[in-house]
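Read the structure below first, then the notes.
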Amino acid sequence: MKQLESFTVEQFRGLRNLDMQGLGRINLLVGANNAGKSSVLEALSCYCRPLDGFHWLETGLKRFDRTRGVSRIEAVKWLFRQSSSPSPIQSYERGRAMMRSSGGYCIEECRAEFEEFEAIRRREKGSAAQEVVETLAGDVSGQDPGLGRRGAELRLHVKAGSNDPLAYVPSRSTRLDRQLTIWDDRTIIKRRPRDEMLLSLPVELLNARQIQADSASAEKFSEFRKLGLYAEAVDILRHLDEGVRDVLVLAESGGIGRLYMDHARTGMTPLSACGDGVRRSLQIAMTIPRVRNGILLVDEIESALHVSALASVFRLLAIACKEHNVQLFATTHSLEAVDTILEASLVDSRIDLVSYRLASAPQGTTVRRLDEPTLATVRNELGHEVR
Amino acid sequence: MPRYAIIGVEGPHDQAFVSKLLIGLGFQDFTGRAAELDPFWETLKPKYPKNGRLYVRMDMPSILFTADLSIAVYAAEGSGLKDSFPKAFVNHPPYRVQISAFGIVADADTAGPARVAADYSAIYRAHFPNIPNRPGVVDLSAIRTGIYVVPDNTQPGVLETLIIPCGAAVYPKHMKLARDYLNGFAAADKAHWRNFDDQKALVATVASVLRPGLTNTVTIKHDSWLCPATAAQVQPFVDFLKQLLSLP
């Protein structure tokens, strides 16, 4: 059984009443701009760590340019569907999200609520050092603005299904809750209790804008080597560039490990000097073992890859997903990518490809599912558009 | 906003035949310029090459239109009308729900018309639940549906079975000489012919005189096989089209 056999989203970002049945090992999401493809990846990302508010925050932050100082509250707020009728007090938003799944994953339902509030700092009389934070769920106009601070509550609720790994615990409820208070001007302390980890699926969301920085890649690559997967990574790079002889981590001054490529033409070359395609492929390849038995989410899978390289990269990716029991969800705008991925899946019967076309409709997000044989007929026999 | 209709046929001859009759009913032939294609038909634009086969021809449907109705006449190859074309409705649901009519035009060359219609009806019922299983019958639901089996919904035959009497009316000399010419061949020369190939060869022989080097498809579309003088021969089919497409 796959981690997820079906996934439904009642509400999350702009998604409404989305129903994805019959998921494959490789799930390709297509659709027009703003159809909700990336939102599905984010919904899956949150759903796989349903009690980890910090992960929800990280997922929300991925859409923002962090170099410009992002409001954490804003980042999380936009994971929730905004009210269609503007409230007179725009600053105080409430939202809810709801997702469900079936399959091998132990969670069958996740609900989340988001609520902004304003807190007033004041000093208690007779206790100069003590600061009291009073939360007000409403308009605080008239108060001294210098004293106000914005916060938000993220409340997460899950319902474990029949595969609950904690079911042995006597009198344990199948329902669990967590709450995270988010401040823009205060460090959020992250705690991750054991049950939260047990109720998670390994998950990584790779979006097109985030090609790992060198040091992070070096760390990941080391981990990758320890897992004995070095040959696979180098193999992928050789499909992109025949001149690649080796990939290795070299320590530089200060002891920082940096990733280098030994290349027939350029010699020892820092990975940062290589093209985006090489870095992107390595990034995807190195992520797979980290999400063993879990979910890999790739936004715009064709990004930075020439179509001639996509076939070999995808074939290796698909095989690696099978070997590491990873379920892949990838978005694409490229018909060439769809055809290339389809071609790879027809060559290798292990791939189990399904495509979903998303579209926004008044009643919610519509999904049109094409299994591999149907997709093959539509593209190869009829030659029709599927995006 | 115009209405839309889809007619699936078994090959380019049938496509030419339906197109010619629709032109006779006042429809215009689409120019073929991509920029002028009605966006509703965008999904039908085929990719090249098909299945990696560089010599396989493109099967863009013929598009015929009036001010308020646009029709795509799709010609499948081989068993494509049964095997692959139904998937077009899975892939693009608007072709199932936003059209006003769907029809099939098939030959009765390997089975009787009743059987042919029943087989197609069973295949397309998943998308058009009311599609009749009897040849020549039009269901008048919101999306009109019907299956016409040439030559006349009752006898076995192919499109040429219907065309030959038309040829006899407008090209009697050509038809006689063509028949004599074909009769001059020994049975051994025709041993590889399948059902109704004699009729196809007869039309092809006339076609080679009317349009040297060109096909039955071209002569059916551009010569006088279908004209006012032969209207009576094809009237049942024209009536079927009118009813299917809600034409006056």
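Quick note on naming: the chains in the structure tokens go A, B, ... in the order shown, residues restart at 1 in each chain, and ligands are numbered from 1 in order of appearance.
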
Practice problem: For chain B, list the residues within 10 Å of chain A, counting only C-alpha atoms, and write the list as a PyMOL selection string. | Solution: chain B and resi 42-53+58-60+76-77+80+83-93

Would you mind exporting the chosen residues as a short mmCIF file (atom, residue, chain, number, x, y, z; two decimals), in the first residue's frame, restricted to N, CA and C atoms?
```cif
data_model
loop_
_atom_site.label_atom_id
_atom_site.label_comp_id
_atom_site.auth_asym_id
_atom_site.auth_seq_id
_atom_site.Cartn_x
_atom_site.Cartn_y
_atom_site.Cartn_z
N GLU B 42 -9.10 23.68 -29.09
CA GLU B 42 -7.65 23.74 -28.88
C GLU B 42 -7.08 22.39 -28.46
N THR B 43 -7.79 21.71 -27.57
CA THR B 43 -7.28 20.44 -27.04
C THR B 43 -7.17 19.36 -28.12
N LEU B 44 -7.93 19.51 -29.21
CA LEU B 44 -7.90 18.48 -30.26
C LEU B 44 -6.69 18.60 -31.18
N LYS B 45 -5.94 19.69 -31.02
CA LYS B 45 -4.76 19.86 -31.88
C LYS B 45 -3.76 18.77 -31.57
N PRO B 46 -3.42 17.93 -32.54
CA PRO B 46 -2.53 16.81 -32.23
C PRO B 46 -1.07 17.22 -32.12
N LYS B 47 -0.34 16.45 -31.37
CA LYS B 47 1.11 16.68 -31.30
C LYS B 47 1.79 15.89 -32.41
N TYR B 48 2.96 16.30 -32.74
CA TYR B 48 3.75 15.56 -33.72
C TYR B 48 5.11 15.24 -33.11
N PRO B 49 5.67 14.07 -33.32
CA PRO B 49 5.08 12.92 -34.00
C PRO B 49 4.19 12.13 -33.05
N LYS B 50 3.28 11.35 -33.65
CA LYS B 50 2.42 10.51 -32.84
C LYS B 50 3.16 9.24 -32.49
N ASN B 51 3.23 8.96 -31.21
CA ASN B 51 3.86 7.73 -30.75
C ASN B 51 5.27 7.56 -31.28
N GLY B 52 5.93 8.66 -31.56
CA GLY B 52 7.31 8.60 -32.05
C GLY B 52 7.42 8.20 -33.51
N ARG B 53 6.26 8.08 -34.23
CA ARG B 53 6.29 7.64 -35.63
C ARG B 53 6.25 8.87 -36.54
N MET B 58 -0.91 13.69 -39.37
CA MET B 58 -1.59 14.40 -38.29
C MET B 58 -3.10 14.20 -38.43
N ASP B 59 -3.76 13.95 -37.35
CA ASP B 59 -5.21 13.72 -37.46
C ASP B 59 -6.01 14.85 -36.81
N MET B 60 -5.73 16.04 -37.26
CA MET B 60 -6.55 17.17 -36.83
C MET B 60 -7.96 16.99 -37.41
N ALA B 76 -10.76 8.73 -37.11
CA ALA B 76 -9.81 7.87 -36.41
C ALA B 76 -9.15 6.94 -37.41
N GLU B 77 -8.01 6.42 -37.03
CA GLU B 77 -7.35 5.43 -37.87
C GLU B 77 -7.54 4.06 -37.25
N GLY B 80 -9.15 3.18 -33.88
CA GLY B 80 -9.02 4.34 -32.99
C GLY B 80 -10.34 4.90 -32.49
N ASP B 83 -10.96 2.55 -29.61
CA ASP B 83 -9.94 2.39 -28.57
C ASP B 83 -9.45 3.70 -27.97
N SER B 84 -9.07 4.63 -28.84
CA SER B 84 -8.42 5.83 -28.30
C SER B 84 -9.34 7.05 -28.21
N PHE B 85 -10.23 7.24 -29.20
CA PHE B 85 -11.02 8.47 -29.20
C PHE B 85 -11.89 8.62 -27.94
N PRO B 86 -12.44 7.53 -27.38
CA PRO B 86 -13.22 7.71 -26.14
C PRO B 86 -12.41 8.37 -25.03
N LYS B 87 -11.10 8.20 -25.05
CA LYS B 87 -10.26 8.79 -23.99
C LYS B 87 -10.22 10.32 -24.10
N ALA B 88 -10.55 10.84 -25.28
CA ALA B 88 -10.58 12.31 -25.44
C ALA B 88 -11.61 12.93 -24.50
N PHE B 89 -12.65 12.16 -24.19
CA PHE B 89 -13.71 12.68 -23.33
C PHE B 89 -13.35 12.55 -21.85
N VAL B 90 -12.44 11.64 -21.56
CA VAL B 90 -11.91 11.53 -20.19
C VAL B 90 -10.93 12.68 -19.96
N ASN B 91 -10.12 12.90 -20.98
CA ASN B 91 -9.08 13.92 -20.86
C ASN B 91 -9.66 15.33 -20.77
N HIS B 92 -10.72 15.57 -21.53
CA HIS B 92 -11.23 16.94 -21.60
C HIS B 92 -12.76 16.94 -21.41
N PRO B 93 -13.21 16.96 -20.18
CA PRO B 93 -14.65 16.84 -19.90
C PRO B 93 -15.54 17.84 -20.64
#
```

Exercise. Would you list, as a PyMOL selection string, the residues of region 209-303 of chain A that end up in alpha helix (DSSP H) under DSSP run on this structure's backbone?
Key: chain A and resi 214-226+230-240+276-290

Quiz prompt | Straight-line distance linking CA of Ile107 (chain A) with CA of Leu199 (chain A), stated in Å to one decimal | solution = 6.9 Å

Quiz item: Which distance in Å separates CA of Leu342 (chain A) and CA of Ser360 (chain A), to one decimal?
Solution: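 Between these atoms lies a distance of 24.9 Å.
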
Quiz item: When DSSP works through the backbone of this structure, what residues of region 7-117 of chain B end up as strand (DSSP E or B), shown as a list in words?
Solution: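 For region 7-117 of chain B, the strand (DSSP E or B) set is Ile7, Gly8, Val9, Gln28, Asp29, Lys50, Arg53, Ser62, Ile63, Leu64, Phe65, Leu69, Ser70, Ile71, Ala72, Val73, Tyr74, Ala75, Ala101, Phe102, Gly103, Ile104, Val105, Ala106, Asp107 and Ala108 of chain B.
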
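Of the listed residues B:Val9, B:Leu214, B:Leu64, B:Ile99, the one whose atoms come nearest to Ser141 (chain B) is B:Ile99, with distances taken using only C-alpha atoms.
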
Practice problem: Write out as an MDAnalysis selection string each polymer residue whose atoms come within 7 Å of Pro202 (chain A), counting only C-alpha atoms; drop sequence neighbours fewer than 4 positions from it. | Solution: chainID A and resid 291:295

Practice problem: Just the residues within 12 Å of Cys166 (chain B), please, counting only C-alpha atoms, with nothing from its chain fewer than 2 positions along; format it as a list in words. | Solution: Leu159, Glu160, Thr161, Leu162, Ile163, Ile164, Ala168, Ala169, Val170, Tyr171, Pro172, Met175, Val203, Ile220, Asp223, Ser224, Trp225, Leu226, Cys227, Pro228, Ala229, Thr230, Ala231, Ala232, Gln233, Val234 and Gln235 of chain B

Self-check item: Best match for closeness to Leu4 (chain A) among A:Leu51, A:Leu328, A:Ala75, A:Ala152, counting only C-alpha atoms
Solution: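 Distance minimum relative to Leu4 (chain A) lands on A:Leu328.
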
So that I can check the surroundings of Ser70 (chain B), please list as a compact mmCIF listing (two decimals) with all heavy atoms, in the first residue's frame every protein, DNA and RNA residue that reaches within 7 Å of it, counting only C-alpha atoms and ignoring chain neighbours fewer than 6 positions away.
```txt
# COMPACT_ATOMS: atom_id res chain seq x y z
N PRO B 2 -21.19 30.09 -29.79
CA PRO B 2 -21.77 29.06 -30.66
C PRO B 2 -22.01 27.75 -29.90
O PRO B 2 -21.45 27.53 -28.83
CB PRO B 2 -20.69 28.86 -31.73
CG PRO B 2 -19.42 29.26 -31.08
CD PRO B 2 -19.77 30.31 -30.06
N ARG B 3 -22.83 26.91 -30.51
CA ARG B 3 -22.97 25.55 -30.00
C ARG B 3 -21.84 24.72 -30.61
O ARG B 3 -21.26 25.10 -31.64
CB ARG B 3 -24.31 24.96 -30.43
CG ARG B 3 -25.52 25.67 -29.82
CD ARG B 3 -26.81 24.97 -30.27
NE ARG B 3 -27.02 25.09 -31.71
CZ ARG B 3 -27.30 24.05 -32.51
NH1 ARG B 3 -27.39 22.83 -32.02
NH2 ARG B 3 -27.49 24.22 -33.81
N TYR B 4 -21.57 23.59 -29.98
CA TYR B 4 -20.50 22.73 -30.49
C TYR B 4 -21.02 21.31 -30.67
O TYR B 4 -21.91 20.88 -29.93
CB TYR B 4 -19.31 22.72 -29.53
CG TYR B 4 -18.67 24.08 -29.38
CD1 TYR B 4 -18.96 24.90 -28.31
CD2 TYR B 4 -17.79 24.55 -30.35
CE1 TYR B 4 -18.40 26.16 -28.18
CE2 TYR B 4 -17.21 25.81 -30.24
CZ TYR B 4 -17.52 26.61 -29.16
OH TYR B 4 -16.97 27.86 -29.05
N ALA B 5 -20.45 20.62 -31.65
CA ALA B 5 -20.82 19.22 -31.86
C ALA B 5 -19.59 18.44 -32.31
O ALA B 5 -18.67 19.01 -32.90
CB ALA B 5 -21.92 19.12 -32.90
N ILE B 63 -12.92 20.98 -39.12
CA ILE B 63 -13.82 21.85 -38.37
C ILE B 63 -14.72 22.56 -39.38
O ILE B 63 -14.23 23.16 -40.34
CB ILE B 63 -13.04 22.93 -37.57
CG1 ILE B 63 -11.96 22.29 -36.70
CG2 ILE B 63 -13.99 23.80 -36.76
CD1 ILE B 63 -12.43 21.52 -35.52
N LEU B 64 -16.02 22.45 -39.18
CA LEU B 64 -16.98 23.12 -40.06
C LEU B 64 -17.89 23.96 -39.17
O LEU B 64 -18.26 23.54 -38.07
CB LEU B 64 -17.78 22.10 -40.85
CG LEU B 64 -16.86 21.33 -41.83
CD1 LEU B 64 -16.75 19.90 -41.42
CD2 LEU B 64 -17.32 21.49 -43.26
```

Env of Tyr105 (chain A): 10 Å cut, atoms = only C-alpha atoms, seq-sep filter 6 positions within chain, self excluded. Answer as an mmCIF file with C-alpha atoms, in the first residue's frame.
```cif
data_model
loop_
_atom_site.group_PDB
_atom_site.id
_atom_site.type_symbol
_atom_site.label_atom_id
_atom_site.label_comp_id
_atom_site.auth_asym_id
_atom_site.auth_seq_id
_atom_site.Cartn_x
_atom_site.Cartn_y
_atom_site.Cartn_z
ATOM 1 C CA MET A 1 0.000 0.000 0.000
ATOM 2 C CA LYS A 2 1.248 3.462 -0.835
ATOM 3 C CA GLN A 3 1.621 6.105 1.865
ATOM 4 C CA LEU A 4 -1.324 7.951 0.373
ATOM 5 C CA GLU A 5 -3.956 6.233 -1.753
ATOM 6 C CA CYS A 48 2.655 14.919 6.475
ATOM 7 C CA ALA A 160 -5.160 8.882 13.636
ATOM 8 C CA GLY A 161 -6.480 5.977 11.596
ATOM 9 C CA SER A 162 -6.116 2.238 11.872
ATOM 10 C CA ASN A 163 -2.348 2.420 11.321
ATOM 11 C CA ASP A 164 -1.795 4.558 14.415
ATOM 12 C CA PRO A 165 1.691 3.654 15.735
ATOM 13 C CA LEU A 199 2.552 10.634 13.540
ATOM 14 C CA SER A 200 4.572 12.244 10.737
ATOM 15 C CA LEU A 201 5.656 11.081 7.324
ATOM 16 C CA ASN A 293 9.045 5.701 3.188
ATOM 17 C CA GLY A 294 7.663 9.206 2.834
#
```

Self-check item: Within 7 Å of Ala75 (chain B) using only C-alpha atoms, minus same-chain residues under 5 positions, as a PyMOL selection string
Solution: chain B and resi 8-12+15+59+61

Generate a file of the selected residues that holds C-alpha atoms, formatted as a short mmCIF file (atom, residue, chain, number, x, y, z; two decimals), in the first residue's frame.
```cif
data_model
loop_
_atom_site.label_atom_id
_atom_site.label_comp_id
_atom_site.auth_asym_id
_atom_site.auth_seq_id
_atom_site.Cartn_x
_atom_site.Cartn_y
_atom_site.Cartn_z
CA GLY B 8 -16.45 10.65 -34.99
CA VAL B 9 -15.90 8.75 -38.23
CA GLU B 10 -13.83 5.71 -39.17
CA GLY B 11 -11.49 7.24 -41.70
CA PRO B 12 -10.66 10.15 -43.98
CA GLN B 15 -14.60 12.61 -42.93
CA ASP B 59 -5.21 13.72 -37.46
CA PRO B 61 -10.33 16.98 -37.11
#
```
